[in-house]
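Here is upload_10.txt, consisting of compact mmCIF, C-alpha atoms:
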```txt
# COMPACT_ATOMS: atom_id res chain seq x y z
CA MET A 921 2.81 -2.99 10.25
CA ARG A 922 2.39 0.74 10.85
CA ILE A 923 1.53 3.00 7.92
CA ASP A 924 1.43 6.79 8.25
CA VAL A 925 -0.17 8.79 5.44
CA ILE A 926 0.57 12.48 4.93
CA THR A 927 -2.25 14.00 2.90
CA LEU A 928 -4.24 17.16 2.25
CA PHE A 929 -7.46 15.10 2.34
CA PRO A 930 -7.42 12.60 5.23
CA GLY A 931 -11.19 12.20 4.95
CA MET A 932 -10.78 10.35 1.66
CA PHE A 933 -9.43 7.32 3.53
CA GLU A 934 -12.39 6.83 5.87
CA GLY A 935 -14.42 4.60 3.56
CA PRO A 936 -12.04 2.28 1.66
CA LEU A 937 -9.85 1.46 4.66
CA THR A 938 -12.61 0.90 7.21
CA GLU A 939 -14.31 -2.09 5.60
CA SER A 940 -13.76 -5.80 5.02
CA ILE A 941 -10.31 -7.37 5.39
CA LEU A 942 -8.45 -4.14 6.10
CA GLN A 943 -10.73 -3.20 8.98
CA ARG A 944 -10.41 -6.70 10.45
CA ALA A 945 -6.63 -6.36 10.20
CA ARG A 946 -6.83 -3.05 12.06
CA ASP A 947 -9.11 -4.54 14.72
CA ALA A 948 -6.59 -7.37 15.23
CA ASP A 949 -3.69 -4.88 15.59
CA LEU A 950 -2.00 -6.33 12.51
CA LEU A 951 -2.31 -3.06 10.59
CA ASP A 952 -1.85 0.29 12.34
CA LEU A 953 -2.95 3.22 10.13
CA HIS A 954 -2.44 6.90 10.91
CA PHE A 955 -3.48 9.87 8.77
CA HIS A 956 -1.86 13.30 9.04
CA ASP A 957 -3.32 16.48 7.56
CA LEU A 958 -0.56 18.36 5.76
CA ARG A 959 -2.46 21.62 6.40
CA GLU A 960 -1.52 21.35 10.07
CA PHE A 961 2.06 22.08 9.01
CA GLY A 962 1.09 24.90 6.63
CA LEU A 963 2.38 28.45 6.96
CA GLY A 964 0.60 31.58 8.06
CA GLU A 965 -3.03 32.32 8.75
CA TYR A 966 -4.19 30.34 5.72
CA ARG A 967 -1.96 27.31 6.37
CA GLN A 968 -0.21 27.64 2.99
CA VAL A 969 1.33 24.39 1.73
CA ASP A 970 2.17 25.35 -1.88
CA ASP A 971 3.62 28.17 -3.97
CA LYS A 972 4.31 29.20 -7.57
CA PRO A 973 7.05 27.26 -9.38
CA TYR A 974 10.43 28.89 -9.97
CA GLY A 975 10.97 29.45 -13.70
CA GLY A 976 7.29 30.11 -14.30
CA GLY A 977 4.61 27.80 -15.61
CA VAL A 978 1.11 26.79 -14.66
CA GLY A 979 0.07 25.18 -11.41
CA MET A 980 1.50 25.19 -7.91
CA VAL A 981 4.20 23.15 -6.17
CA MET A 982 4.05 21.73 -2.66
CA ARG A 983 6.62 23.53 -0.50
CA ALA A 984 9.69 21.62 0.69
CA ASP A 985 9.72 23.26 4.14
CA VAL A 986 6.11 22.26 4.83
CA VAL A 987 6.50 18.70 3.57
CA VAL A 988 9.78 18.11 5.41
CA SER A 989 8.28 19.41 8.66
CA ALA A 990 5.42 16.96 8.28
CA ILE A 991 7.69 13.99 7.55
CA GLU A 992 10.00 14.78 10.47
CA SER A 993 7.07 15.22 12.84
CA VAL A 994 5.58 11.86 11.84
CA MET A 995 8.96 10.17 12.22
CA LYS A 996 9.42 11.65 15.69
CA GLU A 997 5.98 10.47 16.75
CA GLY A 998 6.52 6.99 15.33
CA GLN A 999 9.95 6.52 16.89
CA SER A 1000 8.55 6.84 20.41
CA GLY A 1001 9.14 3.89 22.70
CA SER A 1002 5.42 3.17 23.00
CA PHE A 1003 5.07 2.66 19.26
CA LEU A 1004 8.09 0.38 18.98
CA ALA A 1005 6.90 -1.79 21.84
CA ARG A 1006 3.43 -2.03 20.32
CA SER A 1007 4.66 -2.83 16.82
CA LEU A 1008 6.93 -5.61 18.06
CA ALA A 1009 4.08 -7.06 20.12
CA CYS A 1010 1.85 -7.06 17.03
CA LEU A 1011 4.59 -8.74 14.99
CA LYS A 1012 5.00 -11.44 17.61
CA ARG A 1013 1.24 -12.09 17.69
CA ALA A 1014 1.04 -12.31 13.92
CA THR A 1015 4.06 -14.51 13.26
CA GLY A 1016 4.97 -16.14 16.55
CA LYS A 1017 8.46 -14.65 16.17
CA ARG A 1018 10.12 -11.93 18.16
CA GLY A 1019 11.24 -10.06 15.05
CA SER A 1020 13.74 -7.22 14.76
CA ASP A 1021 13.51 -3.63 15.91
CA LYS A 1022 12.94 -1.68 12.70
CA SER A 1023 12.77 1.83 14.06
CA SER A 1024 13.26 3.63 10.74
CA PRO A 1025 10.33 4.12 8.36
CA TYR A 1026 10.45 3.52 4.62
CA ARG A 1027 9.23 6.77 3.09
CA ILE A 1028 7.33 6.61 -0.21
CA TYR A 1029 6.12 9.50 -2.35
CA LEU A 1030 3.16 8.55 -4.55
CA SER A 1031 4.07 10.23 -7.82
CA ALA A 1032 3.31 9.82 -11.52
CA ARG A 1033 7.09 9.95 -12.09
CA GLY A 1034 7.74 7.00 -9.80
CA GLU A 1035 8.51 3.41 -10.67
CA VAL A 1036 5.31 1.52 -11.50
CA LEU A 1037 4.01 -0.66 -8.67
CA THR A 1038 4.21 -4.40 -9.41
CA GLN A 1039 3.51 -7.52 -7.38
CA PRO A 1040 7.25 -8.24 -6.78
CA LYS A 1041 7.65 -4.67 -5.47
CA VAL A 1042 4.63 -5.10 -3.18
CA GLU A 1043 6.08 -8.32 -1.78
CA LYS A 1044 9.47 -6.68 -1.26
CA ILE A 1045 7.99 -3.74 0.63
CA ALA A 1046 5.85 -6.02 2.80
CA SER A 1047 8.72 -8.35 3.68
CA GLU A 1048 11.40 -5.74 4.33
CA HIS A 1049 9.54 -3.00 6.20
CA ASP A 1050 7.39 -2.83 9.33
CA TRP A 1051 6.74 0.90 9.03
CA LEU A 1052 5.83 2.99 5.98
CA ILE A 1053 5.30 6.72 5.58
CA LEU A 1054 3.30 7.59 2.46
CA LEU A 1055 3.33 11.12 1.05
CA CYS A 1056 0.40 12.02 -1.20
CA GLY A 1057 1.31 14.61 -3.79
CA HIS A 1058 -0.97 17.27 -5.31
CA TYR A 1059 -0.90 20.17 -7.77
CA GLU A 1060 2.25 19.97 -9.92
CA GLY A 1061 3.94 17.78 -7.32
CA VAL A 1062 6.42 18.23 -4.50
CA ASP A 1063 9.51 20.47 -4.48
CA GLN A 1064 12.35 18.23 -5.74
CA ARG A 1065 14.51 19.15 -2.75
CA VAL A 1066 12.40 16.84 -0.59
CA MET A 1067 13.81 13.93 -2.61
CA GLU A 1068 17.28 15.44 -3.03
CA GLY A 1069 17.58 15.96 0.72
CA GLY A 1070 16.91 12.31 1.51
CA TRP A 1071 13.46 12.65 3.10
CA ILE A 1072 11.95 10.24 0.56
CA ASP A 1073 13.31 6.72 -0.06
CA GLU A 1074 11.34 5.86 -3.18
CA GLU A 1075 8.81 7.32 -5.62
CA ILE A 1076 6.04 4.94 -6.70
CA SER A 1077 3.36 5.22 -9.37
CA ILE A 1078 0.38 2.89 -9.79
CA GLY A 1079 0.30 3.31 -13.57
CA GLU A 1080 1.25 5.43 -16.53
CA TYR A 1081 -1.52 7.97 -16.12
CA VAL A 1082 -2.10 11.07 -13.99
CA LEU A 1083 -4.58 11.38 -11.11
CA THR A 1084 -5.69 14.46 -9.19
CA GLY A 1085 -3.66 13.45 -6.16
CA GLY A 1086 -1.74 10.69 -4.39
CA GLU A 1087 -4.59 9.53 -2.14
CA LEU A 1088 -5.97 6.83 -4.45
CA PRO A 1089 -2.49 5.43 -5.18
CA ALA A 1090 -1.80 5.38 -1.43
CA MET A 1091 -4.98 3.34 -0.88
CA VAL A 1092 -3.93 0.91 -3.59
CA LEU A 1093 -0.49 0.48 -2.05
CA ILE A 1094 -1.90 -0.01 1.45
CA ASP A 1095 -4.34 -2.66 0.25
CA ALA A 1096 -1.73 -4.52 -1.79
CA VAL A 1097 0.88 -4.52 0.98
CA ALA A 1098 -1.54 -5.35 3.81
CA ARG A 1099 -2.49 -8.65 2.17
CA HIS A 1100 1.05 -9.88 2.77
CA ILE A 1101 1.11 -9.14 6.49
CA PRO A 1102 1.02 -12.51 8.31
CA GLY A 1103 -2.44 -13.17 9.68
CA VAL A 1104 -4.33 -10.62 7.57
CA LEU A 1105 -5.80 -13.12 5.10
CA GLY A 1106 -7.82 -16.06 6.33
CA LYS A 1107 -5.38 -18.68 5.09
CA ASP A 1108 -1.63 -18.42 4.63
CA GLU A 1109 -1.96 -19.78 1.10
CA SER A 1110 -4.55 -17.16 0.08
CA ALA A 1111 -1.86 -14.85 -1.31
CA ALA A 1112 0.45 -17.65 -2.41
CA GLU A 1113 -1.35 -18.74 -5.60
CA GLU A 1114 -2.99 -15.80 -7.33
CA SER A 1115 -2.32 -13.49 -10.24
CA PHE A 1116 1.35 -12.42 -10.49
CA SER A 1117 2.46 -14.58 -7.55
CA PRO A 1118 5.78 -16.46 -7.90
CA SER A 1119 4.07 -19.85 -7.51
CA ILE A 1120 2.40 -19.43 -10.91
CA GLY A 1121 5.36 -17.81 -12.62
CA ARG A 1122 4.10 -14.22 -12.21
CA LYS A 1123 1.31 -14.97 -14.71
CA LYS A 1124 -2.40 -14.14 -14.49
CA GLU A 1125 -4.45 -16.61 -12.51
CA TYR A 1126 -6.71 -19.30 -14.00
CA PRO A 1127 -10.52 -18.73 -14.10
CA HIS A 1128 -12.73 -19.83 -11.20
CA TYR A 1129 -16.17 -21.45 -11.06
CA THR A 1130 -18.66 -22.28 -8.30
CA ARG A 1131 -22.25 -23.55 -7.92
CA PRO A 1132 -24.57 -23.96 -9.70
CA GLU A 1133 -22.94 -26.37 -12.13
CA GLU A 1134 -25.04 -24.91 -14.95
CA SER A 1135 -26.16 -21.26 -15.16
CA ARG A 1136 -28.09 -19.74 -18.08
CA GLY A 1137 -27.00 -22.62 -20.29
CA LEU A 1138 -23.33 -22.24 -19.38
CA LYS A 1139 -21.67 -25.23 -17.73
CA VAL A 1140 -18.62 -25.58 -15.51
CA PRO A 1141 -15.75 -27.28 -17.42
CA ASN A 1142 -16.08 -31.06 -17.02
CA VAL A 1143 -12.58 -31.47 -15.66
CA LEU A 1144 -13.36 -29.33 -12.60
CA VAL A 1145 -16.20 -31.62 -11.50
CA SER A 1146 -14.33 -34.83 -12.34
CA GLY A 1147 -12.61 -35.15 -8.96
CA HIS A 1148 -9.34 -35.94 -10.79
CA HIS A 1149 -6.95 -33.60 -9.01
CA ALA A 1150 -3.98 -34.16 -11.32
CA GLU A 1151 -6.08 -33.33 -14.38
CA ILE A 1152 -7.58 -30.30 -12.62
CA GLU A 1153 -4.11 -28.99 -11.84
CA LYS A 1154 -3.01 -29.60 -15.44
CA TRP A 1155 -6.09 -27.73 -16.72
CA ARG A 1156 -5.44 -24.79 -14.40
CA ARG A 1157 -1.84 -24.50 -15.48
CA LYS A 1158 -2.89 -24.37 -19.10
CA GLN A 1159 -5.18 -21.41 -18.36
CA LEU A 1160 -2.36 -19.22 -17.03
CA TYR A 1161 -1.25 -16.36 -19.26
```
I'd like the structure from this file rewritten - as structure tokens, please.
Amino acid sequence: MRIDVITLFPGMFEGPLTESILQRARDADLLDLHFHDLREFGLGEYRQVDDKPYGGGVGMVMRADVVVSAIESVMKEGQSGSFLARSLACLKRATGKRGSDKSSPYRIYLSARGEVLTQPKVEKIASEHDWLILLCGHYEGVDQRVMEGGWIDEEISIGEYVLTGGELPAMVLIDAVARHIPGVLGKDESAAEESFSPSIGRKKEYPHYTRPEESRGLKVPNVLVSGHHAEIEKWRRKQLY
């Protein structure tokens, strides 16, 4: 999967997305991340990307002309033949299937007004799209004409609260979606039975225990060390909520 991020602060992504599972996915060509500085599309000597809102009010609004230029530039870059050939090769390596040529990106604006991100939505995005473009908002948001003109396919929020920008939500979305790319997790079943997965009825997962069997006077539930798999499964199902 290719993910392009349009942001005013590309440096914010250097730490969280260059460690652990996500970095291994990038090294294996399963996840192809690109970060684009919106300032490069800004206007004038000072690379202006925002302006005062019509109708008055506090704050600034990200300009439609700047944002649209950035989105169209990223789309043009991504639709090159070299990218399509590479993405299909990665898909074949990951799944063993030839796959389809999905040359159009799914464009998401990370916004407090968007629909709240849920596990079913994550799974839908991961299964239906091989290429995402994520737009990170700032200030009072993006000029509404970016959405009205069809340059954004969906607005997504990660919760009913307001952050200083869309970078953290973009990181959350990337992490959540990447886990469902074939080959990213160590075992295919790793994402199959966990909190909010369909296999456990979209409920929260049961608690886990490991060695030692007793720690600070607290013991592992007897059923988990009994070796009775049917009873263990029954106990786990009762813990779901």
- Hey, what's within 8 Å of range 950-967 of chain A if we count only C-alpha atoms and toss same-chain stuff fewer than 5 positions away? As a list in words, please?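 In the requested format, the answer is Met921, Arg922, Ile923, Asp924, Val925, Ile926, Thr927, Leu928, Phe929, Pro930, Leu942, Ala945, Val986, Val987, Ser989, Ala990, Cys1010, Leu1011, Ala1014, Ala1098, Ile1101, Gly1103 and Val1104 of chain A.
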- Query: Looking at all atoms listed in the file, which of A:Ile1072, A:Val1042, A:Ile1028, A:Val1036 is the one that sits closest to Leu1054 in chain A?
  - Reply: A:Ile1028
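In this model, the gap between CA of Ala1046 in chain A and CA of Tyr1026 in chain A comes to 10.7 Å.
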- Message: Between CA of Ile1094 in chain A and CA of Gln968 in chain A, what distance in Å does the model show, to one decimal?
- Response: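 Computing the Euclidean distance for CA of Ile1094 in chain A and CA of Gln968 in chain A yields 27.7 Å.
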- When distances are computed from all atoms listed in the file, which of A:Ala984, A:Met1091, A:Leu1037, A:Ile1152 shows the smallest separation from Trp1071 in chain A?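 Distance minimum relative to Trp1071 in chain A lands on A:Ala984.
The residue set within 8 Å of Met980 in chain A, counting only C-alpha atoms and dropping same-chain residues fewer than 3 places from it, reads A:Asp970, A:Asp971, A:Lys972, A:Pro973, A:Tyr1059, A:Glu1060, A:Gly1061.
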